[in-house]
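Student: final.cif (mmCIF, C-alpha atoms) pasted underneath:
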data_final
loop_
_atom_site.group_PDB
_atom_site.id
_atom_site.type_symbol
_atom_site.label_atom_id
_atom_site.label_comp_id
_atom_site.auth_asym_id
_atom_site.auth_seq_id
_atom_site.Cartn_x
_atom_site.Cartn_y
_atom_site.Cartn_z
ATOM 1 C CA MET O 1 0.000 0.000 0.000
ATOM 2 C CA ASP O 2 1.250 3.469 -0.860
ATOM 3 C CA PHE O 3 -0.576 6.637 0.115
ATOM 4 C CA ASP O 4 -0.129 10.207 1.331
ATOM 5 C CA ILE O 5 -1.480 11.672 4.534
ATOM 6 C CA LYS O 6 -1.556 15.292 5.570
ATOM 7 C CA ILE O 7 -0.741 16.366 9.112
ATOM 8 C CA LYS O 8 -0.905 20.063 9.928
ATOM 9 C CA GLY O 9 -0.582 21.000 6.285
ATOM 10 C CA LYS O 10 2.483 18.811 5.611
ATOM 11 C CA ILE O 11 2.173 15.811 3.314
ATOM 12 C CA TYR O 12 3.817 12.530 4.333
ATOM 13 C CA ASN O 13 4.185 9.553 2.013
ATOM 14 C CA ILE O 14 3.415 6.226 3.711
ATOM 15 C CA ARG O 15 4.357 2.828 2.272
ATOM 16 C CA ILE O 16 3.412 -0.471 3.889
ATOM 17 C CA PHE O 17 4.926 -3.621 2.491
ATOM 18 C CA GLU O 18 5.898 -7.146 3.487
ATOM 19 C CA LYS O 19 9.530 -7.832 4.294
ATOM 20 C CA GLY O 20 10.154 -11.529 4.113
ATOM 21 C CA SER O 21 7.537 -13.889 5.516
ATOM 22 C CA ASP O 22 7.360 -12.612 9.087
ATOM 23 C CA LYS O 23 7.904 -8.828 8.937
ATOM 24 C CA VAL O 24 5.924 -5.835 7.784
ATOM 25 C CA SER O 25 7.694 -2.584 7.074
ATOM 26 C CA VAL O 26 6.065 0.856 7.356
ATOM 27 C CA LYS O 27 8.005 3.592 5.616
ATOM 28 C CA VAL O 28 7.118 7.196 6.509
ATOM 29 C CA GLY O 29 9.017 9.557 4.227
ATOM 30 C CA GLU O 30 12.635 8.426 4.571
ATOM 31 C CA ARG O 31 12.158 6.588 7.884
ATOM 32 C CA SER O 32 11.320 2.875 8.108
ATOM 33 C CA PHE O 33 9.699 0.963 10.962
ATOM 34 C CA ASP O 34 9.662 -2.849 10.978
ATOM 35 C CA PHE O 35 7.044 -4.895 12.789
ATOM 36 C CA ASP O 36 6.586 -8.619 13.407
ATOM 37 C CA LYS O 37 3.554 -10.097 11.755
ATOM 38 C CA VAL O 38 0.975 -11.308 14.277
ATOM 39 C CA LYS O 39 -0.517 -14.725 13.612
ATOM 40 C CA LYS O 40 -4.258 -14.867 13.950
ATOM 41 C CA GLU O 41 -5.776 -17.803 15.784
ATOM 42 C CA THR O 42 -8.103 -18.643 12.927
ATOM 43 C CA GLY O 43 -6.993 -19.318 9.392
ATOM 44 C CA LYS O 44 -3.794 -18.308 7.689
ATOM 45 C CA ASN O 45 -2.224 -14.851 7.703
ATOM 46 C CA LYS O 46 -3.335 -12.394 5.073
ATOM 47 C CA ASN O 47 -0.724 -10.553 3.130
ATOM 48 C CA VAL O 48 -0.896 -6.758 2.837
ATOM 49 C CA SER O 49 -2.369 -6.718 -0.632
ATOM 50 C CA GLU O 50 -5.162 -9.127 0.343
ATOM 51 C CA PHE O 51 -5.995 -6.963 3.339
ATOM 52 C CA ALA O 52 -6.218 -3.812 1.205
ATOM 53 C CA LYS O 53 -8.420 -5.568 -1.344
ATOM 54 C CA GLN O 54 -10.815 -6.804 1.312
ATOM 55 C CA GLN O 55 -11.349 -3.254 2.606
ATOM 56 C CA LYS O 56 -12.208 -2.008 -0.861
ATOM 57 C CA VAL O 57 -14.856 -4.547 -1.783
ATOM 58 C CA GLN O 58 -16.693 -4.448 1.535
ATOM 59 C CA LEU O 59 -20.278 -3.390 0.804
ATOM 60 C CA LYS O 60 -22.227 -1.156 3.116
ATOM 61 C CA LYS O 61 -25.820 -2.121 3.828
ATOM 62 C CA GLU O 62 -26.907 1.287 5.034
ATOM 63 C CA LEU O 63 -26.339 4.839 3.959
ATOM 64 C CA LYS O 64 -25.967 7.116 6.974
ATOM 65 C CA ALA O 65 -25.876 10.910 7.210
ATOM 66 C CA ALA O 66 -22.269 12.035 7.646
ATOM 67 C CA ILE O 67 -23.511 15.341 9.067
ATOM 68 C CA ALA O 68 -26.814 16.723 10.303
ATOM 69 C CA GLY O 69 -28.842 18.567 7.690
ATOM 70 C CA GLU O 70 -31.987 18.715 5.625
ATOM 71 C CA VAL O 71 -32.758 16.370 2.770
ATOM 72 C CA SER O 72 -33.507 18.501 -0.280
ATOM 73 C CA GLU O 73 -34.012 15.849 -2.948
ATOM 74 C CA VAL O 74 -34.308 12.062 -3.129
ATOM 75 C CA TYR O 75 -33.675 10.403 -6.480
ATOM 76 C CA VAL O 76 -34.430 6.753 -5.628
ATOM 77 C CA LYS O 77 -37.335 4.739 -4.232
ATOM 78 C CA ASP O 78 -37.878 1.362 -2.577
ATOM 79 C CA GLY O 79 -37.023 -1.531 -4.861
ATOM 80 C CA ASP O 80 -34.928 0.494 -7.330
ATOM 81 C CA ASN O 81 -31.910 -1.195 -8.840
ATOM 82 C CA ILE O 82 -29.063 1.285 -8.773
ATOM 83 C CA LYS O 83 -25.754 1.540 -10.555
ATOM 84 C CA ALA O 84 -22.406 2.607 -9.137
ATOM 85 C CA GLY O 85 -22.163 6.383 -9.468
ATOM 86 C CA GLN O 86 -25.934 6.936 -9.491
ATOM 87 C CA LYS O 87 -27.176 9.916 -7.479
ATOM 88 C CA ILE O 88 -29.170 8.851 -4.399
ATOM 89 C CA LEU O 89 -29.998 12.085 -2.592
ATOM 90 C CA THR O 90 -28.965 15.651 -1.827
ATOM 91 C CA LEU O 91 -28.470 16.764 1.760
ATOM 92 C CA LEU O 92 -28.224 20.455 2.686
ATOM 93 C CA ALA O 93 -26.077 21.276 5.672
ATOM 94 C CA MET O 94 -24.807 24.717 6.666
ATOM 95 C CA LYS O 95 -25.280 25.932 3.072
ATOM 96 C CA MET O 96 -23.311 22.985 1.708
ATOM 97 C CA GLU O 97 -25.055 20.934 -0.935
ATOM 98 C CA ASN O 98 -23.970 17.333 -0.450
ATOM 99 C CA GLU O 99 -24.797 15.120 -3.397
ATOM 100 C CA ILE O 100 -24.554 11.502 -2.354
ATOM 101 C CA PHE O 101 -23.868 8.864 -4.997
ATOM 102 C CA SER O 102 -23.894 5.078 -4.845
ATOM 103 C CA GLU O 103 -20.507 3.401 -4.473
ATOM 104 C CA THR O 104 -21.573 0.147 -6.094
ATOM 105 C CA ASP O 105 -24.353 -1.518 -8.077
ATOM 106 C CA GLY O 106 -27.168 -2.751 -5.845
ATOM 107 C CA LYS O 107 -30.821 -2.606 -4.900
ATOM 108 C CA ILE O 108 -32.641 -0.194 -2.601
ATOM 109 C CA LYS O 109 -34.513 -2.027 0.140
ATOM 110 C CA LYS O 110 -35.978 0.979 1.952
ATOM 111 C CA VAL O 111 -35.752 4.763 1.643
ATOM 112 C CA LEU O 112 -36.220 6.190 5.138
ATOM 113 C CA ILE O 113 -36.198 9.886 4.290
ATOM 114 C CA ARG O 114 -38.115 12.341 2.123
ATOM 115 C CA PRO O 115 -37.444 15.870 0.864
ATOM 116 C CA ASN O 116 -37.456 18.585 3.574
ATOM 117 C CA LYS O 117 -36.840 16.044 6.340
ATOM 118 C CA THR O 118 -34.225 17.079 8.874
ATOM 119 C CA VAL O 119 -31.758 14.333 9.735
ATOM 120 C CA ARG O 120 -29.259 13.866 12.527
ATOM 121 C CA GLU O 121 -25.625 12.904 12.067
ATOM 122 C CA GLY O 122 -25.392 9.125 11.774
ATOM 123 C CA GLU O 123 -29.110 8.699 10.992
ATOM 124 C CA ILE O 124 -29.837 5.895 8.522
ATOM 125 C CA LEU O 125 -31.117 7.378 5.259
ATOM 126 C CA VAL O 126 -31.338 4.392 2.932
ATOM 127 C CA ILE O 127 -31.097 0.635 3.454
ATOM 128 C CA PHE O 128 -29.663 -1.557 0.669
ATOM 129 C CA GLU O 129 -30.491 -5.231 0.073
ATOM 130 C CA MET T 1 -3.938 35.698 -13.397
ATOM 131 C CA LYS T 2 -1.792 33.383 -11.273
ATOM 132 C CA LYS T 3 -0.880 29.765 -12.023
ATOM 133 C CA GLY T 4 -3.755 27.391 -11.274
ATOM 134 C CA VAL T 5 -6.357 30.036 -12.102
ATOM 135 C CA ILE T 6 -8.361 29.257 -15.246
ATOM 136 C CA GLU T 7 -10.338 32.157 -16.619
ATOM 137 C CA PHE T 8 -13.365 32.001 -18.903
ATOM 138 C CA GLU T 9 -15.187 34.801 -20.666
ATOM 139 C CA GLU T 10 -18.531 33.250 -19.727
ATOM 140 C CA LEU T 11 -19.783 30.053 -18.096
ATOM 141 C CA PRO T 12 -23.218 28.804 -17.132
ATOM 142 C CA SER T 13 -21.805 28.295 -13.623
ATOM 143 C CA THR T 14 -18.233 28.175 -12.323
ATOM 144 C CA ASN T 15 -19.200 25.431 -9.836
ATOM 145 C CA LEU T 16 -20.522 23.295 -12.676
ATOM 146 C CA GLU T 17 -17.310 23.761 -14.670
ATOM 147 C CA ALA T 18 -15.161 23.002 -11.617
ATOM 148 C CA ARG T 19 -17.062 19.768 -11.029
ATOM 149 C CA LYS T 20 -16.449 18.717 -14.618
ATOM 150 C CA MET T 21 -12.766 19.450 -14.117
ATOM 151 C CA ILE T 22 -12.656 17.226 -11.012
ATOM 152 C CA GLU T 23 -13.961 14.332 -13.123
ATOM 153 C CA GLN T 24 -11.131 15.002 -15.568
ATOM 154 C CA GLY T 25 -8.581 14.701 -12.745
ATOM 155 C CA CYS T 26 -7.935 18.375 -12.124
ATOM 156 C CA GLU T 27 -5.478 19.366 -9.375
ATOM 157 C CA PRO T 28 -6.735 20.610 -5.994
ATOM 158 C CA TRP T 29 -6.679 24.384 -5.567
ATOM 159 C CA THR T 30 -7.428 24.936 -9.232
ATOM 160 C CA VAL T 31 -9.580 28.060 -9.436
ATOM 161 C CA VAL T 32 -12.202 28.533 -12.141
ATOM 162 C CA VAL T 33 -13.085 32.167 -12.839
ATOM 163 C CA ALA T 34 -15.739 33.514 -15.201
ATOM 164 C CA LYS T 35 -16.300 37.134 -16.205
ATOM 165 C CA LYS T 36 -20.020 36.408 -16.184
ATOM 166 C CA GLN T 37 -22.341 33.463 -15.555
ATOM 167 C CA GLY T 38 -25.400 32.466 -17.534
ATOM 168 C CA SER T 39 -27.046 30.564 -14.696
ATOM 169 C CA GLY T 40 -25.133 31.319 -11.523
ATOM 170 C CA HIS T 41 -26.929 29.994 -8.481
ATOM 171 C CA GLY T 42 -26.839 29.705 -4.723
ATOM 172 C CA THR T 43 -28.314 27.054 -2.452
ATOM 173 C CA ARG T 44 -31.570 25.421 -3.557
ATOM 174 C CA GLY T 45 -30.951 26.693 -7.064
ATOM 175 C CA LYS T 46 -31.645 30.352 -6.229
ATOM 176 C CA ASP T 47 -30.368 32.665 -8.972
ATOM 177 C CA TRP T 48 -27.195 34.639 -8.391
ATOM 178 C CA PHE T 49 -27.102 37.874 -10.416
ATOM 179 C CA SER T 50 -23.915 37.420 -12.454
ATOM 180 C CA PRO T 51 -23.312 40.187 -15.024
ATOM 181 C CA GLU T 52 -19.890 41.240 -16.305
ATOM 182 C CA GLY T 53 -17.977 43.268 -13.744
ATOM 183 C CA GLY T 54 -18.682 40.937 -10.829
ATOM 184 C CA LEU T 55 -16.305 38.278 -9.603
ATOM 185 C CA TYR T 56 -17.414 34.649 -9.900
ATOM 186 C CA PHE T 57 -15.048 31.843 -9.045
ATOM 187 C CA SER T 58 -14.951 28.270 -7.777
ATOM 188 C CA VAL T 59 -12.164 26.575 -5.902
ATOM 189 C CA ILE T 60 -11.485 22.845 -6.212
ATOM 190 C CA LEU T 61 -10.520 21.635 -2.764
ATOM 191 C CA PRO T 62 -8.182 18.820 -1.765
ATOM 192 C CA PRO T 63 -9.914 15.770 -0.211
ATOM 193 C CA ALA T 64 -11.030 16.547 3.319
ATOM 194 C CA ASN T 65 -13.268 15.367 6.117
ATOM 195 C CA ILE T 66 -16.847 16.582 5.651
ATOM 196 C CA LYS T 67 -16.832 18.375 9.001
ATOM 197 C CA ASP T 68 -13.692 20.259 8.004
ATOM 198 C CA LEU T 69 -15.465 21.278 4.800
ATOM 199 C CA GLN T 70 -18.383 22.563 6.832
ATOM 200 C CA ILE T 71 -15.996 24.765 8.781
ATOM 201 C CA LEU T 72 -14.218 25.847 5.621
ATOM 202 C CA THR T 73 -17.507 27.060 4.143
ATOM 203 C CA LEU T 74 -17.859 29.322 7.162
ATOM 204 C CA LEU T 75 -14.246 30.368 6.930
ATOM 205 C CA SER T 76 -14.624 31.240 3.246
ATOM 206 C CA ALA T 77 -16.911 34.071 4.312
ATOM 207 C CA PHE T 78 -14.134 35.237 6.639
ATOM 208 C CA ALA T 79 -11.624 34.868 3.785
ATOM 209 C CA VAL T 80 -13.707 37.233 1.642
ATOM 210 C CA ALA T 81 -14.447 39.678 4.451
ATOM 211 C CA SER T 82 -10.761 39.800 5.435
ATOM 212 C CA ALA T 83 -9.640 40.351 1.844
ATOM 213 C CA ILE T 84 -12.094 43.227 1.366
ATOM 214 C CA LYS T 85 -11.250 44.786 4.722
ATOM 215 C CA GLU T 86 -7.498 44.563 4.105
ATOM 216 C CA GLU T 87 -7.644 45.902 0.554
ATOM 217 C CA PHE T 88 -10.248 48.637 0.930
ATOM 218 C CA ASP T 89 -11.591 51.075 3.454
ATOM 219 C CA LEU T 90 -14.739 49.027 4.117
ATOM 220 C CA GLU T 91 -16.090 47.175 7.150
ATOM 221 C CA PRO T 92 -17.696 43.936 5.915
ATOM 222 C CA MET T 93 -20.069 42.048 8.172
ATOM 223 C CA ILE T 94 -20.569 38.283 7.995
ATOM 224 C CA LYS T 95 -24.043 36.853 8.215
ATOM 225 C CA LEU T 96 -23.421 33.258 9.169
ATOM 226 C CA PRO T 97 -22.982 30.857 7.696
ATOM 227 C CA ASN T 98 -22.007 32.230 4.327
ATOM 228 C CA ASP T 99 -23.131 35.701 3.318
ATOM 229 C CA VAL T 100 -21.074 38.852 3.499
ATOM 230 C CA PHE T 101 -22.628 42.295 3.839
ATOM 231 C CA VAL T 102 -21.360 45.848 3.785
ATOM 232 C CA ASN T 103 -23.390 48.815 5.033
ATOM 233 C CA GLY T 104 -26.383 46.514 5.521
ATOM 234 C CA LYS T 105 -26.441 45.141 1.983
ATOM 235 C CA LYS T 106 -25.246 41.783 0.689
ATOM 236 C CA PHE T 107 -22.332 41.723 -1.731
ATOM 237 C CA CYS T 108 -21.070 38.128 -1.491
ATOM 238 C CA GLY T 109 -22.595 34.645 -1.448
ATOM 239 C CA ILE T 110 -20.907 31.258 -1.098
ATOM 240 C CA LEU T 111 -22.057 27.823 -2.176
ATOM 241 C CA THR T 112 -20.139 24.664 -1.318
ATOM 242 C CA GLU T 113 -20.987 21.540 -3.291
ATOM 243 C CA ASN T 114 -19.720 18.149 -2.152
ATOM 244 C CA VAL T 115 -19.917 15.055 -4.317
ATOM 245 C CA ILE T 116 -19.819 12.044 -1.996
ATOM 246 C CA LYS T 117 -19.206 8.441 -3.041
ATOM 247 C CA GLY T 118 -18.536 6.379 0.064
ATOM 248 C CA ASN T 119 -15.423 7.817 1.627
ATOM 249 C CA ASP T 120 -14.491 9.821 -1.470
ATOM 250 C CA ILE T 121 -15.489 13.466 -1.176
ATOM 251 C CA ASN T 122 -14.845 15.960 -3.936
ATOM 252 C CA SER T 123 -15.619 19.534 -3.068
ATOM 253 C CA VAL T 124 -16.031 22.826 -4.803
ATOM 254 C CA ILE T 125 -16.544 26.151 -3.080
ATOM 255 C CA GLY T 126 -18.227 28.706 -5.315
ATOM 256 C CA ILE T 127 -17.934 32.376 -4.432
ATOM 257 C CA GLY T 128 -19.800 35.263 -6.013
ATOM 258 C CA ILE T 129 -18.674 38.776 -5.113
ATOM 259 C CA ASP T 130 -20.399 41.872 -6.438
ATOM 260 C CA THR T 131 -17.281 43.857 -7.160
ATOM 261 C CA ASN T 132 -17.768 46.196 -10.135
ATOM 262 C CA ILE T 133 -21.527 46.145 -10.604
ATOM 263 C CA ASP T 134 -23.176 49.539 -11.052
ATOM 264 C CA TYR T 135 -26.827 48.588 -11.279
ATOM 265 C CA PHE T 136 -28.934 45.833 -9.785
ATOM 266 C CA PRO T 137 -32.406 44.742 -10.888
ATOM 267 C CA ASP T 138 -35.311 46.239 -8.903
ATOM 268 C CA GLU T 139 -35.820 43.115 -6.788
ATOM 269 C CA LEU T 140 -32.191 43.273 -5.624
ATOM 270 C CA SER T 141 -31.451 47.000 -5.500
ATOM 271 C CA ARG T 142 -32.613 47.413 -1.883
ATOM 272 C CA ILE T 143 -30.760 44.380 -0.540
ATOM 273 C CA ALA T 144 -27.612 44.115 -2.695
ATOM 274 C CA THR T 145 -24.606 46.324 -3.207
ATOM 275 C CA SER T 146 -21.191 46.134 -4.846
ATOM 276 C CA VAL T 147 -17.705 46.996 -3.694
ATOM 277 C CA SER T 148 -17.410 49.657 -6.412
ATOM 278 C CA ASN T 149 -20.736 51.244 -5.415
ATOM 279 C CA GLU T 150 -19.557 51.474 -1.830
ATOM 280 C CA LEU T 151 -16.130 52.856 -2.724
ATOM 281 C CA GLY T 152 -17.075 54.991 -5.707
ATOM 282 C CA VAL T 153 -14.251 53.455 -7.784
ATOM 283 C CA ALA T 154 -13.683 50.206 -9.693
ATOM 284 C CA VAL T 155 -11.618 47.472 -8.028
ATOM 285 C CA ASP T 156 -9.164 44.879 -9.328
ATOM 286 C CA ASN T 157 -10.895 41.467 -9.510
ATOM 287 C CA ASP T 158 -7.627 39.547 -10.040
ATOM 288 C CA LYS T 159 -6.162 40.954 -6.857
ATOM 289 C CA ILE T 160 -9.267 40.061 -4.844
ATOM 290 C CA VAL T 161 -9.276 36.444 -6.125
ATOM 291 C CA GLU T 162 -5.621 36.086 -5.214
ATOM 292 C CA LYS T 163 -6.146 37.423 -1.698
ATOM 293 C CA VAL T 164 -9.253 35.309 -1.020
ATOM 294 C CA ILE T 165 -7.499 32.118 -2.194
ATOM 295 C CA GLU T 166 -4.485 32.905 -0.051
ATOM 296 C CA ASN T 167 -6.762 33.277 2.991
ATOM 297 C CA MET T 168 -8.669 30.071 2.155
ATOM 298 C CA ARG T 169 -5.474 28.037 1.795
ATOM 299 C CA TYR T 170 -4.285 29.309 5.132
ATOM 300 C CA TYR T 171 -7.556 28.360 6.859
ATOM 301 C CA PHE T 172 -7.669 24.962 5.133
ATOM 302 C CA ASN T 173 -4.205 24.071 6.356
ATOM 303 C CA GLU T 174 -5.101 25.215 9.867
ATOM 304 C CA ILE T 175 -8.232 23.098 10.190
ATOM 305 C CA THR T 176 -7.414 19.876 8.340
ATOM 306 C CA ILE T 177 -5.369 16.999 9.743
#
As structure tokens, what does this structure read like?
Tutor:
Amino acid sequence: MDFDIKIKGKIYNIRIFEKGSDKVSVKVGERSFDFDKVKKETGKNKNVSEFAKQQKVQLKKELKAAIAGEVSEVYVKDGDNIKAGQKILTLLAMKMENEIFSETDGKIKKVLIRPNKTVREGEILVIFE
Amino acid sequence: MKKGVIEFEELPSTNLEARKMIEQGCEPWTVVVAKKQGSGHGTRGKDWFSPEGGLYFSVILPPANIKDLQILTLLSAFAVASAIKEEFDLEPMIKLPNDVFVNGKKFCGILTENVIKGNDINSVIGIGIDTNIDYFPDELSRIATSVSNELGVAVDNDKIVEKVIENMRYYFNEITI
């Protein structure tokens, strides 16, 4: 895995890679930190690339409000099949218009909100099958 | 105009153009400026009067936490108010969360648009400042003003963009981790 993080405005490059069969190395900029791999009690160890892949394909069953706000528009209804990248709803919060799109293909099980409804942070908006 | 600032003679909306640019892989902090907008708008699609002479620009932001973006929307109003106060002999007043007034009349509006796909958030902050606008339509004339009307002289739009962006970058770096 190779990515950048920003701390207090400064960008740091982070690389995580396997070093032999029992070590994992984390490189932050020019500095490296080596760690022993921990064996899990169940099943075999996962390598770094498998772990990263698993995080990516994990599907969420619910869409929750990241911030409190007011739903301005809803573009889907119960039972709709949706495509990745399809617009689901627009949430207004502190004059920000947040357009929320689907991450993956799927089917809408239940839409729990309607236009003009105020929602709290973390409130479930839509449930997927 | 400075590097990273893309200027158009006319656009339907600078926010719309900035969002297209994000899809094409545009760099964060790219600024889209139009001399006028055909369908400039604020929240809930409300029209924003956008004739030539005014300053209309959108800033493509680096990825950030949605709560940081919420704060940055507020801080953008401060970025504009500070720029106007520092450059001219005016005392802007901020009406939270995102309007800026001078002498009781509005001269700036801000619209942040976030496109959210899971953990990916792409954001554009659109800013409209009535800088060199002499006349407003009847429905706006009692509630809107321009910097040039208040000062009695025209102002330099390029300089204002530069100052506002500088302020926004400073605030962004302060609030994001």
Student: Enumerate, as an MDAnalysis selection string, the protein, DNA and RNA residues whose atoms approach (-17.7, 55.5, -4.2) to within 12 Å, taking into account only C-alpha atoms and the coordinate frame of the file.
Tutor: chainID T and resid 88:90 132:134 145:155
Student: If we count all atoms listed in the file and set the cut-off at 10 Å, which residues sit around Phe78 (chain T), ignoring sequence neighbours fewer than 4 positions away in its own chain? Please answer as a PDB file with C-alpha atoms, in the frame of the given file.
Tutor:
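Saved as part.pdb:
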ATOM      1  CA  LEU T  72     -14.218  25.847   5.621  1.00  0.00           C
ATOM      2  CA  THR T  73     -17.507  27.060   4.143  1.00  0.00           C
ATOM      3  CA  LEU T  74     -17.859  29.322   7.162  1.00  0.00           C
ATOM      4  CA  SER T  82     -10.761  39.800   5.435  1.00  0.00           C
ATOM      5  CA  ALA T  83      -9.640  40.351   1.844  1.00  0.00           C
ATOM      6  CA  ILE T  84     -12.094  43.227   1.366  1.00  0.00           C
ATOM      7  CA  PRO T  92     -17.696  43.936   5.915  1.00  0.00           C
ATOM      8  CA  MET T  93     -20.069  42.048   8.172  1.00  0.00           C
ATOM      9  CA  ILE T  94     -20.569  38.283   7.995  1.00  0.00           C
ATOM     10  CA  LEU T  96     -23.421  33.258   9.169  1.00  0.00           C
ATOM     11  CA  PRO T  97     -22.982  30.857   7.696  1.00  0.00           C
ATOM     12  CA  ASN T  98     -22.007  32.230   4.327  1.00  0.00           C
ATOM     13  CA  ASP T  99     -23.131  35.701   3.318  1.00  0.00           C
ATOM     14  CA  VAL T 100     -21.074  38.852   3.499  1.00  0.00           C
ATOM     15  CA  VAL T 164      -9.253  35.309  -1.020  1.00  0.00           C
ATOM     16  CA  ASN T 167      -6.762  33.277   2.991  1.00  0.00           C
ATOM     17  CA  MET T 168      -8.669  30.071   2.155  1.00  0.00           C
ATOM     18  CA  TYR T 171      -7.556  28.360   6.859  1.00  0.00           C
TER      19      TYR T 171
END
Student: Residues picked by the PyMOL selection byres ((chain O and resi 63-69) around 10) here, as number ranges by chain?
Tutor: O: 60-62, 70-72, 88, 90-98, 100, 102, 111, 116-128; T: 65-67, 70, 116, 118
Student: Which residues would end up in the selection if the PyMOL selection byres ((chain T and resi 117) around 10) were applied here, given that I need the answer as a short mmCIF file (atom, residue, chain, number, x, y, z; two decimals) with C-alpha atoms, keeping the file's coordinate frame?
Tutor:
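Now in out28.cif:
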data_model
loop_
_atom_site.label_atom_id
_atom_site.label_comp_id
_atom_site.auth_asym_id
_atom_site.auth_seq_id
_atom_site.Cartn_x
_atom_site.Cartn_y
_atom_site.Cartn_z
CA ALA O 84 -22.41 2.61 -9.14
CA GLY O 85 -22.16 6.38 -9.47
CA GLN O 86 -25.93 6.94 -9.49
CA LYS O 87 -27.18 9.92 -7.48
CA GLU O 99 -24.80 15.12 -3.40
CA ILE O 100 -24.55 11.50 -2.35
CA PHE O 101 -23.87 8.86 -5.00
CA SER O 102 -23.89 5.08 -4.84
CA GLU O 103 -20.51 3.40 -4.47
CA THR O 104 -21.57 0.15 -6.09
CA ASN T 114 -19.72 18.15 -2.15
CA VAL T 115 -19.92 15.06 -4.32
CA ILE T 116 -19.82 12.04 -2.00
CA GLY T 118 -18.54 6.38 0.06
CA ASN T 119 -15.42 7.82 1.63
CA ASP T 120 -14.49 9.82 -1.47
CA ILE T 121 -15.49 13.47 -1.18
CA ASN T 122 -14.84 15.96 -3.94
#
Student: May I ask which of the residues O:Asn81, O:Tyr75, O:Ile14, O:Gly20 is the closest one to Ser32 (chain O), counting only C-alpha atoms?
Tutor: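 Smallest separation from Ser32 (chain O) among the options: O:Ile14.
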Student: Find the residue from T:Val33, T:Ile127, T:Ile71, T:Val161 that sits nearest to chain O; use only C-alpha atoms when measuring.
Tutor: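 Checking each of T:Val33, T:Ile127, T:Ile71, T:Val161 against chain O, counting only C-alpha atoms, the winner is T:Ile71.
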Student: To test your reading of the syntax: which residues would the PyMOL selection byres ((chain T and resi 21-23) around 10) return for the file shown? Reply as number ranges by chain.
Tutor: T: 15-20, 24-28, 30, 32, 60-61, 122-124
Student: So the first atom is CA of Lys106 (chain T) and the second is CA of Asp130 (chain T); what is the distance between them in Å, to one decimal place?
Tutor: 8.6 Å
Student: Calculate how many Å separate CA of Ser39 (chain T) from CA of Pro62 (chain T), rounding to one decimal.
Tutor: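 If I compute the distance from CA of Ser39 (chain T) to CA of Pro62 (chain T), I get 25.7 Å.
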Student: Using only C-alpha atoms, which of O:Asp80, O:Leu89, O:Glu129, O:Asn13 sits nearest Ile113 (chain O)?
Tutor: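 Among the listed residues, O:Leu89 lies closest to Ile113 (chain O).
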Student: Just how far from CA of Tyr56 (chain T) is CA of Thr14 (chain T), in Å to one decimal?
Tutor: 7.0 Å
Student: Tell me which of O:Lys23, O:Lys110, O:Val76, O:Ile11 sits closest to chain T, counting only C-alpha atoms.
Tutor: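 Smallest distance to chain T is found for O:Ile11.
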Student: Where atoms are missing, can you supply N, CA and C atoms for region 110-121 of chain T and output the lot as a PDB file, keeping the file's coordinate frame?
Tutor:
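Okay, this is what ended up in rebuild-v7.pdb:
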ATOM      1  N   ILE T 110     -21.808  32.418  -0.965  1.00  0.00           N
ATOM      2  CA  ILE T 110     -20.907  31.258  -1.098  1.00  0.00           C
ATOM      3  C   ILE T 110     -21.727  29.977  -1.157  1.00  0.00           C
ATOM      4  N   LEU T 111     -21.371  29.118  -2.071  1.00  0.00           N
ATOM      5  CA  LEU T 111     -22.057  27.823  -2.176  1.00  0.00           C
ATOM      6  C   LEU T 111     -21.020  26.707  -2.266  1.00  0.00           C
ATOM      7  N   THR T 112     -21.031  25.826  -1.274  1.00  0.00           N
ATOM      8  CA  THR T 112     -20.139  24.664  -1.318  1.00  0.00           C
ATOM      9  C   THR T 112     -20.924  23.462  -1.831  1.00  0.00           C
ATOM     10  N   GLU T 113     -20.365  22.756  -2.779  1.00  0.00           N
ATOM     11  CA  GLU T 113     -20.987  21.540  -3.291  1.00  0.00           C
ATOM     12  C   GLU T 113     -20.024  20.371  -3.082  1.00  0.00           C
ATOM     13  N   ASN T 114     -20.521  19.350  -2.375  1.00  0.00           N
ATOM     14  CA  ASN T 114     -19.720  18.149  -2.152  1.00  0.00           C
ATOM     15  C   ASN T 114     -20.325  16.994  -2.933  1.00  0.00           C
ATOM     16  N   VAL T 115     -19.473  16.263  -3.624  1.00  0.00           N
ATOM     17  CA  VAL T 115     -19.917  15.055  -4.317  1.00  0.00           C
ATOM     18  C   VAL T 115     -19.343  13.882  -3.532  1.00  0.00           C
ATOM     19  N   ILE T 116     -20.250  13.080  -2.935  1.00  0.00           N
ATOM     20  CA  ILE T 116     -19.819  12.044  -1.996  1.00  0.00           C
ATOM     21  C   ILE T 116     -20.107  10.658  -2.552  1.00  0.00           C
ATOM     22  N   LYS T 117     -19.051   9.850  -2.662  1.00  0.00           N
ATOM     23  CA  LYS T 117     -19.206   8.441  -3.041  1.00  0.00           C
ATOM     24  C   LYS T 117     -18.472   7.637  -2.000  1.00  0.00           C
ATOM     25  N   GLY T 118     -19.181   7.097  -1.027  1.00  0.00           N
ATOM     26  CA  GLY T 118     -18.536   6.379   0.064  1.00  0.00           C
ATOM     27  C   GLY T 118     -17.626   7.320   0.823  1.00  0.00           C
ATOM     28  N   ASN T 119     -16.364   6.956   0.902  1.00  0.00           N
ATOM     29  CA  ASN T 119     -15.423   7.817   1.627  1.00  0.00           C
ATOM     30  C   ASN T 119     -14.780   8.870   0.737  1.00  0.00           C
ATOM     31  N   ASP T 120     -15.065   8.822  -0.558  1.00  0.00           N
ATOM     32  CA  ASP T 120     -14.491   9.821  -1.470  1.00  0.00           C
ATOM     33  C   ASP T 120     -15.351  11.076  -1.471  1.00  0.00           C
ATOM     34  N   ILE T 121     -14.754  12.198  -1.150  1.00  0.00           N
ATOM     35  CA  ILE T 121     -15.489  13.466  -1.176  1.00  0.00           C
ATOM     36  C   ILE T 121     -14.731  14.440  -2.069  1.00  0.00           C
TER      37      ILE T 121
END
